[in-house]
$ cat work_3.cif   # mmCIF, C-alpha atoms
data_run
#
loop_
_atom_site.label_atom_id
_atom_site.label_comp_id
_atom_site.auth_asym_id
_atom_site.auth_seq_id
_atom_site.Cartn_x
_atom_site.Cartn_y
_atom_site.Cartn_z
CA MET A 137 -14.88 20.48 4.26
CA GLY A 138 -13.27 17.26 3.13
CA LYS A 139 -12.82 13.62 4.01
CA TYR A 140 -9.82 12.49 6.04
CA MET A 141 -8.44 9.09 6.96
CA ASP A 142 -6.16 9.10 9.98
CA VAL A 143 -3.99 6.31 11.27
CA HIS A 144 -2.95 5.47 14.83
CA ARG A 145 -0.19 2.92 15.47
CA GLY A 146 0.92 1.12 18.62
CA MET A 147 -2.62 0.29 19.77
CA GLN A 148 -1.91 -3.42 20.20
CA GLY A 149 -4.53 -5.13 22.38
CA ILE A 150 -7.18 -2.43 21.94
CA THR A 151 -10.63 -3.77 22.88
CA ALA A 152 -14.05 -3.01 21.39
CA ASP A 153 -14.90 -1.03 24.55
CA GLN A 154 -11.72 1.03 24.34
CA LEU A 155 -12.33 1.80 20.66
CA MET A 156 -15.89 2.88 21.47
CA GLU A 157 -14.72 5.02 24.41
CA ALA A 158 -12.08 6.77 22.29
CA HIS A 159 -14.61 7.37 19.51
CA GLN A 160 -17.18 8.73 21.97
CA ALA A 161 -14.58 11.08 23.45
CA ASP A 162 -13.90 12.45 19.96
CA LEU A 163 -17.62 12.78 19.21
CA ALA A 164 -18.17 14.69 22.44
CA ILE A 165 -15.96 17.62 21.38
CA GLU A 166 -15.73 17.33 17.59
CA LYS A 167 -18.21 20.13 16.93
CA GLU A 168 -15.80 22.63 18.46
CA GLU A 169 -13.61 22.12 15.36
CA ASN A 170 -16.43 21.40 12.88
CA VAL A 171 -15.13 17.84 12.58
CA HIS A 172 -17.26 14.71 12.39
CA PHE A 173 -15.74 11.30 13.03
CA GLU A 174 -17.81 8.89 10.94
CA ARG A 175 -16.23 5.48 11.41
CA ALA A 176 -13.22 3.80 12.97
CA TRP A 177 -11.68 0.38 12.43
CA ALA A 178 -9.08 -1.34 14.61
CA ASP A 179 -6.71 -4.26 14.36
CA PRO A 180 -5.73 -5.22 17.94
CA GLU A 181 -3.03 -7.54 16.62
CA SER A 182 -0.98 -5.06 14.57
CA GLY A 183 -2.14 -2.14 16.74
CA ILE A 184 -3.43 -0.03 13.84
CA VAL A 185 -6.56 2.10 14.09
CA TYR A 186 -8.08 3.94 11.10
CA CYS A 187 -10.54 6.81 11.57
CA LEU A 188 -12.65 8.30 8.78
CA SER A 189 -13.81 11.85 9.31
CA GLU A 190 -15.25 14.90 7.61
CA ALA A 191 -13.41 18.04 8.59
CA PRO A 192 -12.27 21.48 7.50
CA SER A 193 -8.57 20.43 7.68
CA ALA A 194 -6.17 17.74 8.86
CA GLU A 195 -5.11 20.13 11.64
CA ALA A 196 -8.69 20.28 12.95
CA VAL A 197 -8.82 16.48 13.05
CA GLN A 198 -5.53 16.37 14.92
CA ARG A 199 -6.61 19.00 17.47
CA ILE A 200 -9.60 16.84 18.46
CA HIS A 201 -7.51 13.66 18.64
CA GLU A 202 -4.85 15.43 20.72
CA ARG A 203 -7.38 16.80 23.21
CA THR A 204 -8.87 13.32 23.70
CA GLY A 205 -5.44 11.81 24.27
CA HIS A 206 -4.84 9.90 21.06
CA LYS A 207 -2.84 11.93 18.58
CA ALA A 208 -2.86 10.46 15.07
CA ASP A 209 0.39 9.24 13.51
CA GLU A 210 -0.76 10.09 9.98
CA ILE A 211 -3.68 12.07 8.59
CA HIS A 212 -4.48 11.88 4.89
CA SER A 213 -6.95 13.95 2.96
CA VAL A 214 -8.98 11.46 0.89
CA PRO A 215 -10.82 13.64 -1.62
CA LEU A 216 -11.71 10.63 -3.79
CA SER A 217 -13.95 7.80 -2.69
CA VAL A 218 -16.14 5.08 -4.13
CA MET B 185 -15.71 -13.73 7.24
CA GLY B 186 -14.14 -10.58 8.58
CA LYS B 187 -13.46 -6.97 7.74
CA TYR B 188 -10.18 -5.95 6.14
CA MET B 189 -8.56 -2.59 5.42
CA ASP B 190 -5.91 -2.68 2.75
CA VAL B 191 -3.48 0.02 1.76
CA HIS B 192 -1.95 0.82 -1.63
CA ARG B 193 0.96 3.25 -1.91
CA GLY B 194 2.53 5.01 -4.87
CA MET B 195 -0.80 5.97 -6.48
CA GLN B 196 0.12 9.64 -6.82
CA GLY B 197 -2.13 11.42 -9.30
CA ILE B 198 -4.92 8.84 -9.24
CA THR B 199 -8.16 10.30 -10.61
CA ALA B 200 -11.76 9.68 -9.60
CA ASP B 201 -12.26 7.71 -12.84
CA GLN B 202 -9.20 5.55 -12.22
CA LEU B 203 -10.34 4.80 -8.66
CA MET B 204 -13.79 3.84 -9.93
CA GLU B 205 -12.32 1.65 -12.70
CA ALA B 206 -10.05 -0.17 -10.24
CA HIS B 207 -12.95 -0.68 -7.83
CA GLN B 208 -15.23 -1.96 -10.62
CA ALA B 209 -12.53 -4.39 -11.74
CA ASP B 210 -12.38 -5.78 -8.20
CA LEU B 211 -16.17 -5.98 -7.95
CA ALA B 212 -16.37 -7.86 -11.24
CA ILE B 213 -14.42 -10.87 -9.90
CA GLU B 214 -14.68 -10.57 -6.11
CA LYS B 215 -17.31 -13.29 -5.77
CA GLU B 216 -14.81 -15.89 -6.98
CA GLU B 217 -13.03 -15.46 -3.63
CA ASN B 218 -16.13 -14.61 -1.55
CA VAL B 219 -14.75 -11.10 -1.06
CA HIS B 220 -16.79 -7.90 -1.14
CA PHE B 221 -15.07 -4.55 -1.57
CA GLU B 222 -17.31 -2.05 0.23
CA ARG B 223 -15.55 1.30 -0.01
CA ALA B 224 -12.29 2.87 -1.16
CA TRP B 225 -10.71 6.23 -0.41
CA ALA B 226 -7.80 7.85 -2.22
CA ASP B 227 -5.36 10.68 -1.65
CA PRO B 228 -3.90 11.58 -5.07
CA GLU B 229 -1.31 13.80 -3.40
CA SER B 230 0.36 11.26 -1.10
CA GLY B 231 -0.63 8.39 -3.40
CA ILE B 232 -2.36 6.34 -0.72
CA VAL B 233 -5.50 4.33 -1.37
CA TYR B 234 -7.46 2.54 1.37
CA CYS B 235 -9.95 -0.24 0.57
CA LEU B 236 -12.46 -1.65 3.05
CA SER B 237 -13.67 -5.16 2.38
CA GLU B 238 -15.42 -8.15 3.85
CA ALA B 239 -13.59 -11.35 3.12
CA PRO B 240 -12.72 -14.84 4.34
CA SER B 241 -9.01 -13.91 4.65
CA ALA B 242 -6.38 -11.32 3.80
CA GLU B 243 -5.04 -13.74 1.20
CA ALA B 244 -8.42 -13.76 -0.58
CA VAL B 245 -8.40 -9.95 -0.69
CA GLN B 246 -4.90 -9.99 -2.11
CA ARG B 247 -5.72 -12.58 -4.78
CA ILE B 248 -8.48 -10.33 -6.16
CA HIS B 249 -6.26 -7.21 -6.05
CA GLU B 250 -3.42 -9.10 -7.76
CA ARG B 251 -5.64 -10.37 -10.56
CA THR B 252 -6.92 -6.84 -11.24
CA GLY B 253 -3.38 -5.49 -11.33
CA HIS B 254 -3.16 -3.56 -8.08
CA LYS B 255 -1.57 -5.66 -5.36
CA ALA B 256 -2.02 -4.17 -1.88
CA ASP B 257 1.05 -3.09 0.09
CA GLU B 258 -0.60 -3.87 3.44
CA ILE B 259 -3.73 -5.74 4.42
CA HIS B 260 -5.00 -5.51 7.99
CA SER B 261 -7.77 -7.50 9.55
CA VAL B 262 -9.98 -4.94 11.36
CA PRO B 263 -12.20 -7.04 13.61
CA LEU B 264 -13.24 -3.98 15.64
CA SER B 265 -15.24 -1.07 14.26
CA VAL B 266 -17.49 1.72 15.41
#

$ encode --input "work_3.cif" --output "structure tokens"
Amino acid sequence: MGKYMDVHRGMQGITADQLMEAHQADLAIEKEENVHFERAWADPESGIVYCLSEAPSAEAVQRIHERTGHKADEIHSVPLSV
Amino acid sequence: MGKYMDVHRGMQGITADQLMEAHQADLAIEKEENVHFERAWADPESGIVYCLSEAPSAEAVQRIHERTGHKADEIHSVPLSV
């Protein structure tokens, strides 16, 4: 298991409700891949969304995001944190 | 005050100690700009570092990072979070 930060682009205009809905959709099925989405942050102006997760692999993170309709543009393992 | 996510690139090979040192350097002077750096995550392989902060502006975040020798490549306001 490791920490991952994934990035979604092109989400201009995303609302707080839409961010919550997307996050809830991920949470609803994340256990099927042993992923846990911990936090997400969005900038409606630039359209960037960051998601922090704990997961067995980047591929597992992507499978959840794909099934809930929001494939990530980048997924980075972030083994170091403070 | 708002939340900001900033991104540093080209940090390939960064170690846990280097990440902690950089974070401590920011913490040591952050109050001069009313910034607080909450968390940071690093991927030594791709060289990306993400920092989450609370600050009055992106410019305030950048002034602290510049003074401690690690200017951010991108700074995004992230008014939405879950």

$ resolve_selection --input "work_3.cif" --expression "the PyMOL selection byres ((chain A and resi 190-204) around 7)" --output "NGL selection string"
:A and (137-140 or 161-162 or 166 or 169-173 or 189 or 205-208 or 211)

$ closest_atom_pairs --input "work_3.cif" --of "chain A" --to "chain B" --cutoff "10 Å" --atoms "all atoms listed in the file" --output "CSV"
residue,atom,partner,partner_atom,distance
A:Lys139,CA,B:Trp225,CA,8.9
A:Tyr140,CA,B:Trp225,CA,9.0
A:Met141,CA,B:Trp225,CA,8.2
A:Ile150,CA,B:Leu264,CA,8.9
A:Thr151,CA,B:Leu264,CA,7.7
A:Ala152,CA,B:Leu264,CA,5.9
A:Asp153,CA,B:Leu264,CA,9.5
A:Leu155,CA,B:Val266,CA,7.4
A:Met156,CA,B:Val266,CA,6.4
A:Glu157,CA,B:Val266,CA,10.0
A:His159,CA,B:Val266,CA,7.6
A:Gln160,CA,B:Val266,CA,9.6
A:Glu174,CA,B:Val266,CA,8.5
A:Arg175,CA,B:Val266,CA,5.6
A:Ala176,CA,B:Val266,CA,5.3
A:Trp177,CA,B:Ser265,CA,4.3
A:Ala178,CA,B:Val262,CA,4.9
A:Asp179,CA,B:Val262,CA,4.5
A:Pro180,CA,B:Val262,CA,7.8
A:Glu181,CA,B:Ser261,CA,8.5
A:Ser182,CA,B:His260,CA,7.7
A:Gly183,CA,B:His260,CA,9.8
A:Ile184,CA,B:His260,CA,8.2
A:Val185,CA,B:Val262,CA,8.3
A:Tyr186,CA,B:Met189,CA,8.7
A:Cys187,CA,B:Val266,CA,9.4
A:Leu188,CA,B:Trp225,CA,9.6
A:His212,CA,B:Asp227,CA,6.7
A:Ser213,CA,B:Asp227,CA,5.9
A:Val214,CA,B:Asp227,CA,4.5
A:Pro215,CA,B:Asp227,CA,6.2
A:Leu216,CA,B:Ala226,CA,5.0
A:Ser217,CA,B:Trp225,CA,4.3
A:Val218,CA,B:Ala224,CA,5.3

$ atom_distance --input "work_3.cif" --atom1 "atom CA of B:Asp257" --atom2 "atom CA of A:Asp142"
17.3 Å

$ atom_distance --input "work_3.cif" --atom1 "atom CA of A:Glu210" --atom2 "atom CA of B:Gly194"
16.0 Å

$ calpha_fit_and_write --input "work_3.cif" --fixed "chain B" --moving "chain A" --output "PDB file with C-alpha atoms, keeping the file's coordinate frame"
ATOM      1  CA  MET A 137     -15.707 -13.732   7.217  1.00  0.00           C
ATOM      2  CA  GLY A 138     -14.144 -10.570   8.558  1.00  0.00           C
ATOM      3  CA  LYS A 139     -13.449  -6.951   7.754  1.00  0.00           C
ATOM      4  CA  TYR A 140     -10.168  -5.935   6.141  1.00  0.00           C
ATOM      5  CA  MET A 141      -8.556  -2.590   5.420  1.00  0.00           C
ATOM      6  CA  ASP A 142      -5.899  -2.690   2.728  1.00  0.00           C
ATOM      7  CA  VAL A 143      -3.478   0.016   1.743  1.00  0.00           C
ATOM      8  CA  HIS A 144      -1.947   0.810  -1.647  1.00  0.00           C
ATOM      9  CA  ARG A 145       0.964   3.256  -1.910  1.00  0.00           C
ATOM     10  CA  GLY A 146       2.545   5.007  -4.881  1.00  0.00           C
ATOM     11  CA  MET A 147      -0.779   5.963  -6.487  1.00  0.00           C
ATOM     12  CA  GLN A 148       0.116   9.644  -6.810  1.00  0.00           C
ATOM     13  CA  GLY A 149      -2.129  11.443  -9.312  1.00  0.00           C
ATOM     14  CA  ILE A 150      -4.910   8.842  -9.233  1.00  0.00           C
ATOM     15  CA  THR A 151      -8.155  10.305 -10.617  1.00  0.00           C
ATOM     16  CA  ALA A 152     -11.767   9.673  -9.594  1.00  0.00           C
ATOM     17  CA  ASP A 153     -12.264   7.718 -12.843  1.00  0.00           C
ATOM     18  CA  GLN A 154      -9.217   5.544 -12.220  1.00  0.00           C
ATOM     19  CA  LEU A 155     -10.335   4.806  -8.655  1.00  0.00           C
ATOM     20  CA  MET A 156     -13.794   3.854  -9.931  1.00  0.00           C
ATOM     21  CA  GLU A 157     -12.324   1.666 -12.696  1.00  0.00           C
ATOM     22  CA  ALA A 158     -10.053  -0.174 -10.250  1.00  0.00           C
ATOM     23  CA  HIS A 159     -12.948  -0.675  -7.831  1.00  0.00           C
ATOM     24  CA  GLN A 160     -15.218  -1.946 -10.612  1.00  0.00           C
ATOM     25  CA  ALA A 161     -12.533  -4.393 -11.741  1.00  0.00           C
ATOM     26  CA  ASP A 162     -12.370  -5.779  -8.196  1.00  0.00           C
ATOM     27  CA  LEU A 163     -16.166  -5.971  -7.944  1.00  0.00           C
ATOM     28  CA  ALA A 164     -16.354  -7.867 -11.224  1.00  0.00           C
ATOM     29  CA  ILE A 165     -14.411 -10.873  -9.889  1.00  0.00           C
ATOM     30  CA  GLU A 166     -14.673 -10.583  -6.101  1.00  0.00           C
ATOM     31  CA  LYS A 167     -17.319 -13.290  -5.781  1.00  0.00           C
ATOM     32  CA  GLU A 168     -14.821 -15.879  -6.986  1.00  0.00           C
ATOM     33  CA  GLU A 169     -13.042 -15.442  -3.622  1.00  0.00           C
ATOM     34  CA  ASN A 170     -16.137 -14.614  -1.535  1.00  0.00           C
ATOM     35  CA  VAL A 171     -14.759 -11.103  -1.057  1.00  0.00           C
ATOM     36  CA  HIS A 172     -16.780  -7.897  -1.142  1.00  0.00           C
ATOM     37  CA  PHE A 173     -15.066  -4.547  -1.567  1.00  0.00           C
ATOM     38  CA  GLU A 174     -17.305  -2.058   0.238  1.00  0.00           C
ATOM     39  CA  ARG A 175     -15.554   1.291  -0.011  1.00  0.00           C
ATOM     40  CA  ALA A 176     -12.305   2.857  -1.155  1.00  0.00           C
ATOM     41  CA  TRP A 177     -10.726   6.220  -0.408  1.00  0.00           C
ATOM     42  CA  ALA A 178      -7.800   7.839  -2.221  1.00  0.00           C
ATOM     43  CA  ASP A 179      -5.379  10.671  -1.653  1.00  0.00           C
ATOM     44  CA  PRO A 180      -3.901  11.587  -5.069  1.00  0.00           C
ATOM     45  CA  GLU A 181      -1.316  13.810  -3.398  1.00  0.00           C
ATOM     46  CA  SER A 182       0.353  11.262  -1.102  1.00  0.00           C
ATOM     47  CA  GLY A 183      -0.615   8.381  -3.414  1.00  0.00           C
ATOM     48  CA  ILE A 184      -2.353   6.326  -0.715  1.00  0.00           C
ATOM     49  CA  VAL A 185      -5.498   4.311  -1.381  1.00  0.00           C
ATOM     50  CA  TYR A 186      -7.465   2.534   1.377  1.00  0.00           C
ATOM     51  CA  CYS A 187      -9.945  -0.245   0.579  1.00  0.00           C
ATOM     52  CA  LEU A 188     -12.457  -1.651   3.062  1.00  0.00           C
ATOM     53  CA  SER A 189     -13.666  -5.158   2.374  1.00  0.00           C
ATOM     54  CA  GLU A 190     -15.428  -8.150   3.862  1.00  0.00           C
ATOM     55  CA  ALA A 191     -13.590 -11.357   3.125  1.00  0.00           C
ATOM     56  CA  PRO A 192     -12.730 -14.833   4.347  1.00  0.00           C
ATOM     57  CA  SER A 193      -9.003 -13.919   4.660  1.00  0.00           C
ATOM     58  CA  ALA A 194      -6.371 -11.321   3.814  1.00  0.00           C
ATOM     59  CA  GLU A 195      -5.041 -13.754   1.193  1.00  0.00           C
ATOM     60  CA  ALA A 196      -8.420 -13.777  -0.579  1.00  0.00           C
ATOM     61  CA  VAL A 197      -8.397  -9.975  -0.686  1.00  0.00           C
ATOM     62  CA  GLN A 198      -4.887  -9.989  -2.104  1.00  0.00           C
ATOM     63  CA  ARG A 199      -5.716 -12.584  -4.781  1.00  0.00           C
ATOM     64  CA  ILE A 200      -8.468 -10.319  -6.152  1.00  0.00           C
ATOM     65  CA  HIS A 201      -6.259  -7.217  -6.046  1.00  0.00           C
ATOM     66  CA  GLU A 202      -3.413  -9.088  -7.761  1.00  0.00           C
ATOM     67  CA  ARG A 203      -5.641 -10.370 -10.567  1.00  0.00           C
ATOM     68  CA  THR A 204      -6.925  -6.840 -11.241  1.00  0.00           C
ATOM     69  CA  GLY A 205      -3.397  -5.457 -11.349  1.00  0.00           C
ATOM     70  CA  HIS A 206      -3.157  -3.563  -8.083  1.00  0.00           C
ATOM     71  CA  LYS A 207      -1.578  -5.658  -5.366  1.00  0.00           C
ATOM     72  CA  ALA A 208      -2.008  -4.181  -1.885  1.00  0.00           C
ATOM     73  CA  ASP A 209       1.050  -3.076   0.093  1.00  0.00           C
ATOM     74  CA  GLU A 210      -0.586  -3.876   3.438  1.00  0.00           C
ATOM     75  CA  ILE A 211      -3.734  -5.745   4.425  1.00  0.00           C
ATOM     76  CA  HIS A 212      -5.008  -5.517   7.988  1.00  0.00           C
ATOM     77  CA  SER A 213      -7.785  -7.492   9.569  1.00  0.00           C
ATOM     78  CA  VAL A 214      -9.979  -4.925  11.359  1.00  0.00           C
ATOM     79  CA  PRO A 215     -12.213  -7.031  13.599  1.00  0.00           C
ATOM     80  CA  LEU A 216     -13.271  -3.985  15.640  1.00  0.00           C
ATOM     81  CA  SER A 217     -15.242  -1.078  14.261  1.00  0.00           C
ATOM     82  CA  VAL A 218     -17.502   1.723  15.406  1.00  0.00           C
TER      83      VAL A 218
END

$ atom_distance --input "work_3.cif" --atom1 "atom CA of A:Arg145" --atom2 "atom CA of B:Ala206"
27.7 Å

$ decode --input "work_3.cif" --residues "stretch 147-213 of chain A" --atoms "C-alpha atoms" --output "mmCIF file, in the first residue's frame"
data_model
loop_
_atom_site.group_PDB
_atom_site.id
_atom_site.type_symbol
_atom_site.label_atom_id
_atom_site.label_comp_id
_atom_site.auth_asym_id
_atom_site.auth_seq_id
_atom_site.Cartn_x
_atom_site.Cartn_y
_atom_site.Cartn_z
ATOM 1 C CA MET A 147 -12.948 20.438 -14.602
ATOM 2 C CA GLN A 148 -13.595 24.160 -15.003
ATOM 3 C CA GLY A 149 -16.731 25.268 -13.149
ATOM 4 C CA ILE A 150 -16.865 22.250 -10.830
ATOM 5 C CA THR A 151 -19.084 22.971 -7.809
ATOM 6 C CA ALA A 152 -18.753 21.837 -4.191
ATOM 7 C CA ASP A 153 -21.726 19.492 -4.737
ATOM 8 C CA GLN A 154 -20.184 17.955 -7.850
ATOM 9 C CA LEU A 155 -16.869 17.417 -6.067
ATOM 10 C CA MET A 156 -18.681 15.753 -3.166
ATOM 11 C CA GLU A 157 -20.745 13.566 -5.532
ATOM 12 C CA ALA A 158 -17.646 12.422 -7.429
ATOM 13 C CA HIS A 159 -15.834 11.686 -4.165
ATOM 14 C CA GLN A 160 -18.821 9.753 -2.804
ATOM 15 C CA ALA A 161 -19.016 7.696 -6.002
ATOM 16 C CA ASP A 162 -15.353 6.750 -5.548
ATOM 17 C CA LEU A 163 -15.866 5.923 -1.866
ATOM 18 C CA ALA A 164 -18.816 3.688 -2.713
ATOM 19 C CA ILE A 165 -16.696 1.229 -4.713
ATOM 20 C CA GLU A 166 -13.121 1.867 -3.561
ATOM 21 C CA LYS A 167 -12.985 -1.214 -1.338
ATOM 22 C CA GLU A 168 -13.261 -3.442 -4.396
ATOM 23 C CA GLU A 169 -9.698 -2.352 -5.275
ATOM 24 C CA ASN A 170 -8.442 -1.854 -1.707
ATOM 25 C CA VAL A 171 -8.187 1.873 -2.411
ATOM 26 C CA HIS A 172 -9.133 4.652 -0.012
ATOM 27 C CA PHE A 173 -9.666 8.183 -1.268
ATOM 28 C CA GLU A 174 -8.738 10.416 1.661
ATOM 29 C CA ARG A 175 -9.085 13.982 0.407
ATOM 30 C CA ALA A 176 -9.741 15.955 -2.751
ATOM 31 C CA TRP A 177 -9.162 19.604 -3.611
ATOM 32 C CA ALA A 178 -10.537 21.506 -6.596
ATOM 33 C CA ASP A 179 -9.886 24.759 -8.392
ATOM 34 C CA PRO A 180 -13.013 25.552 -10.455
ATOM 35 C CA GLU A 181 -11.173 28.355 -12.235
ATOM 36 C CA SER A 182 -8.250 26.385 -13.692
ATOM 37 C CA GLY A 183 -10.275 23.160 -13.709
ATOM 38 C CA ILE A 184 -7.738 21.127 -11.720
ATOM 39 C CA VAL A 185 -8.747 18.537 -9.139
ATOM 40 C CA TYR A 186 -6.238 16.748 -6.884
ATOM 41 C CA CYS A 187 -7.131 13.512 -5.076
ATOM 42 C CA LEU A 188 -5.055 11.961 -2.298
ATOM 43 C CA SER A 189 -5.476 8.245 -1.809
ATOM 44 C CA GLU A 190 -3.979 5.164 -0.210
ATOM 45 C CA ALA A 191 -3.863 2.263 -2.617
ATOM 46 C CA PRO A 192 -2.003 -0.859 -3.676
ATOM 47 C CA SER A 193 -1.060 0.712 -7.054
ATOM 48 C CA ALA A 194 -1.700 3.625 -9.409
ATOM 49 C CA GLU A 195 -3.616 1.197 -11.632
ATOM 50 C CA ALA A 196 -6.031 0.403 -8.796
ATOM 51 C CA VAL A 197 -6.662 4.122 -8.284
ATOM 52 C CA GLN A 198 -7.306 4.566 -11.989
ATOM 53 C CA ARG A 199 -9.706 1.602 -12.175
ATOM 54 C CA ILE A 200 -11.918 3.196 -9.508
ATOM 55 C CA HIS A 201 -11.801 6.624 -11.157
ATOM 56 C CA GLU A 202 -12.606 5.103 -14.558
ATOM 57 C CA ARG A 203 -15.601 3.171 -13.240
ATOM 58 C CA THR A 204 -17.015 6.327 -11.642
ATOM 59 C CA GLY A 205 -16.585 8.283 -14.865
ATOM 60 C CA HIS A 206 -13.647 10.531 -14.069
ATOM 61 C CA LYS A 207 -10.392 9.033 -15.282
ATOM 62 C CA ALA A 208 -7.320 10.772 -13.855
ATOM 63 C CA ASP A 209 -4.925 12.597 -16.195
ATOM 64 C CA GLU A 210 -1.910 11.885 -13.967
ATOM 65 C CA ILE A 211 -1.349 9.607 -10.990
ATOM 66 C CA HIS A 212 1.809 9.980 -8.921
ATOM 67 C CA SER A 213 3.036 7.734 -6.175
#
